[in-house]
Amino acid sequence: MPNLQCIIKSYLIRLNVDPTHIGYRQMIDCIEIRITEQLPTMGAIYAVAAIKYGVKPKSVMRNITYALDHVTDLASRLSEILGFTVDDNSLHNGRVIFYIADLITEPSLFDFSA
């Protein structure tokens with residue numbers, strides 16, 4: 001089985017997140033933190049990631065926002081991956097992170113063929 005970071009990267013590549021943005025790397029870490037530590041809030045996830053980078057949690061949030069803001073058609077790309085329509089108006093960092101983490105850990109949540 002591929003390692004967790006490779007799986008996360010494959011989803012971010014499918015979303016077309018630019019890997020040259022620091023937010024790309026930090027998003028990988030936030031998704032991994034959500035999966036491995038099961039932290040319930042984005043604030044807690046950002047805090048853990050921020051320690052790794054020696055920055056404030058708000059910097060992690062801003063970097064991820066910047067990376068996602070540069071993705072063309074983020075909502076439609078995410079909808080294609082998840083198998084249901086994601087509303088562009090309600091899409092934010094936390095949803096992207098939680099959706100990808102849940103897709104990796106609980107893929108049956110997104111299987112609508114049953």
# chains A, B, ... in the order shown; residues from 1 in each chain; ligands from 1
call {"tool": "closest_atom_pairs", "arguments": {"of": "region 93-114 of chain A", "to": "region 30-39 of chain A", "cutoff": "8 Å", "atoms": "only C-alpha atoms", "output": "Markdown table"}}
result
| residue | atom | partner | partner_atom | distance |
| --- | --- | --- | --- | --- |
| A:Ile97 | CA | A:Ile31 | CA | 5.5 |
| A:Phe98 | CA | A:Ile31 | CA | 7.2 |
| A:Ile100 | CA | A:Ile31 | CA | 7.1 |
| A:Ala101 | CA | A:Ile31 | CA | 5.6 |
| A:Asp102 | CA | A:Ile35 | CA | 7.9 |
| A:Thr105 | CA | A:Ile35 | CA | 7.1 |
call {"tool": "write_last_selection", "arguments": {"atoms": "all heavy atoms", "output": "PDB file, in the first residue's frame"}}
result
ATOM      1  N   ILE A  97      -9.794  19.845   3.456  1.00  0.00           N
ATOM      2  CA  ILE A  97      -8.947  18.984   4.294  1.00  0.00           C
ATOM      3  C   ILE A  97      -9.754  17.825   4.866  1.00  0.00           C
ATOM      4  O   ILE A  97      -9.341  16.668   4.797  1.00  0.00           O
ATOM      5  CB  ILE A  97      -8.264  19.815   5.388  1.00  0.00           C
ATOM      6  CG1 ILE A  97      -7.190  20.707   4.732  1.00  0.00           C
ATOM      7  CG2 ILE A  97      -7.668  18.932   6.484  1.00  0.00           C
ATOM      8  CD1 ILE A  97      -6.638  21.790   5.618  1.00  0.00           C
ATOM      9  N   PHE A  98     -10.921  18.107   5.424  1.00  0.00           N
ATOM     10  CA  PHE A  98     -11.733  17.050   6.018  1.00  0.00           C
ATOM     11  C   PHE A  98     -12.271  16.094   4.956  1.00  0.00           C
ATOM     12  O   PHE A  98     -12.297  14.884   5.170  1.00  0.00           O
ATOM     13  CB  PHE A  98     -12.881  17.632   6.850  1.00  0.00           C
ATOM     14  CG  PHE A  98     -12.492  17.943   8.269  1.00  0.00           C
ATOM     15  CD1 PHE A  98     -11.573  18.933   8.568  1.00  0.00           C
ATOM     16  CD2 PHE A  98     -13.045  17.229   9.316  1.00  0.00           C
ATOM     17  CE1 PHE A  98     -11.215  19.217   9.867  1.00  0.00           C
ATOM     18  CE2 PHE A  98     -12.703  17.500  10.634  1.00  0.00           C
ATOM     19  CZ  PHE A  98     -11.776  18.489  10.913  1.00  0.00           C
ATOM     20  N   ILE A 100     -10.922  15.279   2.039  1.00  0.00           N
ATOM     21  CA  ILE A 100      -9.853  14.390   1.563  1.00  0.00           C
ATOM     22  C   ILE A 100      -9.461  13.392   2.636  1.00  0.00           C
ATOM     23  O   ILE A 100      -9.272  12.206   2.356  1.00  0.00           O
ATOM     24  CB  ILE A 100      -8.647  15.204   1.056  1.00  0.00           C
ATOM     25  CG1 ILE A 100      -9.051  15.977  -0.204  1.00  0.00           C
ATOM     26  CG2 ILE A 100      -7.456  14.286   0.762  1.00  0.00           C
ATOM     27  CD1 ILE A 100      -7.998  16.932  -0.720  1.00  0.00           C
ATOM     28  N   ALA A 101      -9.366  13.844   3.884  1.00  0.00           N
ATOM     29  CA  ALA A 101      -9.042  12.923   4.978  1.00  0.00           C
ATOM     30  C   ALA A 101     -10.104  11.839   5.099  1.00  0.00           C
ATOM     31  O   ALA A 101      -9.783  10.650   5.244  1.00  0.00           O
ATOM     32  CB  ALA A 101      -8.906  13.697   6.297  1.00  0.00           C
ATOM     33  N   ASP A 102     -11.368  12.220   5.023  1.00  0.00           N
ATOM     34  CA  ASP A 102     -12.456  11.236   5.116  1.00  0.00           C
ATOM     35  C   ASP A 102     -12.467  10.297   3.916  1.00  0.00           C
ATOM     36  O   ASP A 102     -12.745   9.107   4.058  1.00  0.00           O
ATOM     37  CB  ASP A 102     -13.809  11.933   5.238  1.00  0.00           C
ATOM     38  CG  ASP A 102     -14.027  12.585   6.592  1.00  0.00           C
ATOM     39  OD1 ASP A 102     -13.257  12.287   7.533  1.00  0.00           O
ATOM     40  OD2 ASP A 102     -14.956  13.403   6.709  1.00  0.00           O
ATOM     41  N   THR A 105      -9.721   7.740   4.646  1.00  0.00           N
ATOM     42  CA  THR A 105      -9.953   6.838   5.787  1.00  0.00           C
ATOM     43  C   THR A 105     -11.283   6.098   5.722  1.00  0.00           C
ATOM     44  O   THR A 105     -11.400   5.006   6.249  1.00  0.00           O
ATOM     45  CB  THR A 105      -9.887   7.603   7.124  1.00  0.00           C
ATOM     46  OG1 THR A 105     -10.866   8.645   7.128  1.00  0.00           O
ATOM     47  CG2 THR A 105      -8.502   8.171   7.343  1.00  0.00           C
TER      48      THR A 105
END
call {"tool": "select_by_dssp", "arguments": {"residues": "chain A", "states": "helix (DSSP H, G or I)", "output": "MDAnalysis selection string"}}
result
chainID A and resid 4:15 22:37 42:53 57:69 74:82 88:90 93:105 107:110
call {"tool": "residues_around", "arguments": {"residues": "region 78-92 of chain A", "least_positions_apart": "6", "cutoff": "12 Å", "atoms": "only C-alpha atoms", "output": "VMD selection string"}}
result
chain A and resid 10 to 17 42 61 to 62 64 to 69 71 to 72 98 to 104 106 to 113
call {"tool": "write_last_selection", "arguments": {"atoms": "N, CA, C and O atoms", "output": "short mmCIF file (atom, residue, chain, number, x, y, z; two decimals), in the first residue's frame"}}
result
data_model
loop_
_atom_site.label_atom_id
_atom_site.label_comp_id
_atom_site.auth_asym_id
_atom_site.auth_seq_id
_atom_site.Cartn_x
_atom_site.Cartn_y
_atom_site.Cartn_z
N SER A 10 -1.57 12.56 -4.31
CA SER A 10 -2.30 12.20 -5.53
C SER A 10 -3.64 12.94 -5.61
O SER A 10 -4.05 13.36 -6.69
N TYR A 11 -4.31 13.12 -4.48
CA TYR A 11 -5.56 13.88 -4.49
C TYR A 11 -5.30 15.36 -4.75
O TYR A 11 -6.05 16.00 -5.50
N LEU A 12 -4.27 15.91 -4.16
CA LEU A 12 -3.97 17.33 -4.38
C LEU A 12 -3.56 17.59 -5.83
O LEU A 12 -3.90 18.63 -6.39
N ILE A 13 -2.87 16.64 -6.43
CA ILE A 13 -2.51 16.76 -7.84
C ILE A 13 -3.77 16.73 -8.70
O ILE A 13 -3.93 17.50 -9.64
N ARG A 14 -4.71 15.83 -8.35
CA ARG A 14 -5.97 15.77 -9.10
C ARG A 14 -6.78 17.06 -8.95
O ARG A 14 -7.51 17.44 -9.86
N LEU A 15 -6.62 17.72 -7.80
CA LEU A 15 -7.29 19.01 -7.61
C LEU A 15 -6.56 20.13 -8.34
O LEU A 15 -7.10 21.22 -8.48
N ASN A 16 -5.34 19.86 -8.77
CA ASN A 16 -4.49 20.83 -9.47
C ASN A 16 -3.94 21.89 -8.53
O ASN A 16 -3.78 23.05 -8.91
N VAL A 17 -3.64 21.51 -7.29
CA VAL A 17 -2.99 22.42 -6.35
C VAL A 17 -1.52 22.52 -6.75
O VAL A 17 -0.86 21.49 -6.94
N MET A 42 -10.22 22.61 12.84
CA MET A 42 -9.15 23.13 12.01
C MET A 42 -8.15 23.92 12.85
O MET A 42 -6.96 23.87 12.59
N MET A 61 -2.98 28.65 7.84
CA MET A 61 -4.30 28.85 7.24
C MET A 61 -4.18 29.74 5.99
O MET A 61 -4.73 29.43 4.94
N ARG A 62 -3.46 30.84 6.09
CA ARG A 62 -3.31 31.76 4.95
C ARG A 62 -2.59 31.09 3.78
O ARG A 62 -2.96 31.28 2.63
N ILE A 64 -2.47 27.91 3.00
CA ILE A 64 -3.37 26.94 2.36
C ILE A 64 -4.44 27.67 1.56
O ILE A 64 -4.76 27.28 0.43
N THR A 65 -4.98 28.74 2.11
CA THR A 65 -5.97 29.54 1.39
C THR A 65 -5.39 30.06 0.08
O THR A 65 -6.03 29.98 -0.97
N TYR A 66 -4.17 30.56 0.13
CA TYR A 66 -3.51 31.08 -1.07
C TYR A 66 -3.37 29.97 -2.11
O TYR A 66 -3.67 30.18 -3.29
N ALA A 67 -2.93 28.80 -1.69
CA ALA A 67 -2.75 27.68 -2.63
C ALA A 67 -4.09 27.28 -3.25
O ALA A 67 -4.18 27.05 -4.46
N LEU A 68 -5.14 27.20 -2.44
CA LEU A 68 -6.45 26.80 -2.96
C LEU A 68 -7.09 27.89 -3.81
O LEU A 68 -7.81 27.59 -4.76
N ASP A 69 -6.82 29.15 -3.49
CA ASP A 69 -7.37 30.25 -4.28
C ASP A 69 -6.84 30.25 -5.71
O ASP A 69 -7.45 30.84 -6.60
N VAL A 71 -6.41 27.54 -7.52
CA VAL A 71 -6.90 26.36 -8.24
C VAL A 71 -8.12 26.77 -9.06
O VAL A 71 -9.09 27.28 -8.52
N THR A 72 -8.04 26.55 -10.35
CA THR A 72 -9.16 26.84 -11.23
C THR A 72 -10.22 25.75 -11.07
O THR A 72 -9.89 24.57 -11.09
N PHE A 98 -10.92 18.11 5.42
CA PHE A 98 -11.73 17.05 6.02
C PHE A 98 -12.27 16.09 4.96
O PHE A 98 -12.30 14.88 5.17
N TYR A 99 -12.71 16.62 3.81
CA TYR A 99 -13.20 15.74 2.74
C TYR A 99 -12.12 14.77 2.28
O TYR A 99 -12.37 13.58 2.13
N ILE A 100 -10.92 15.28 2.04
CA ILE A 100 -9.85 14.39 1.56
C ILE A 100 -9.46 13.39 2.64
O ILE A 100 -9.27 12.21 2.36
N ALA A 101 -9.37 13.84 3.88
CA ALA A 101 -9.04 12.92 4.98
C ALA A 101 -10.10 11.84 5.10
O ALA A 101 -9.78 10.65 5.24
N ASP A 102 -11.37 12.22 5.02
CA ASP A 102 -12.46 11.24 5.12
C ASP A 102 -12.47 10.30 3.92
O ASP A 102 -12.74 9.11 4.06
N LEU A 103 -12.16 10.82 2.75
CA LEU A 103 -12.11 9.98 1.55
C LEU A 103 -11.04 8.90 1.68
O LEU A 103 -11.24 7.76 1.28
N ILE A 104 -9.93 9.26 2.27
CA ILE A 104 -8.83 8.30 2.45
C ILE A 104 -9.16 7.28 3.54
O ILE A 104 -8.93 6.09 3.37
N GLU A 106 -12.29 6.70 5.09
CA GLU A 106 -13.62 6.11 5.02
C GLU A 106 -14.18 6.21 3.61
O GLU A 106 -15.20 6.87 3.36
N PRO A 107 -13.56 5.53 2.64
CA PRO A 107 -14.01 5.68 1.25
C PRO A 107 -15.46 5.25 1.03
O PRO A 107 -16.12 5.74 0.11
N SER A 108 -15.99 4.39 1.89
CA SER A 108 -17.36 3.95 1.71
C SER A 108 -18.37 5.09 1.93
O SER A 108 -19.50 5.02 1.46
N LEU A 109 -17.95 6.15 2.62
CA LEU A 109 -18.82 7.32 2.79
C LEU A 109 -19.17 7.96 1.45
O LEU A 109 -20.18 8.62 1.31
N PHE A 110 -18.29 7.76 0.47
CA PHE A 110 -18.45 8.41 -0.82
C PHE A 110 -18.87 7.45 -1.92
O PHE A 110 -18.87 7.80 -3.08
N ASP A 111 -19.25 6.25 -1.54
CA ASP A 111 -19.71 5.25 -2.51
C ASP A 111 -21.23 5.33 -2.58
O ASP A 111 -21.93 4.80 -1.72
N PHE A 112 -21.74 5.98 -3.59
CA PHE A 112 -23.17 6.20 -3.73
C PHE A 112 -23.85 5.16 -4.61
O PHE A 112 -25.03 5.27 -4.90
N SER A 113 -23.10 4.15 -5.00
CA SER A 113 -23.68 3.12 -5.87
C SER A 113 -24.43 2.06 -5.08
O SER A 113 -25.19 1.28 -5.63
#
call {"tool": "residues_around", "arguments": {"residues": "Asn63 (chain A)", "least_positions_apart": "5", "cutoff": "12 Å", "atoms": "only C-alpha atoms", "output": "PyMOL selection string"}}
result
chain A and resi 18+20-27+30+46+49-50+53+55-58+68-70+93
call {"tool": "atom_distance", "arguments": {"atom1": "CA of Ala47 (chain A)", "atom2": "CA of Leu74 (chain A)"}}
result
25.0 Å
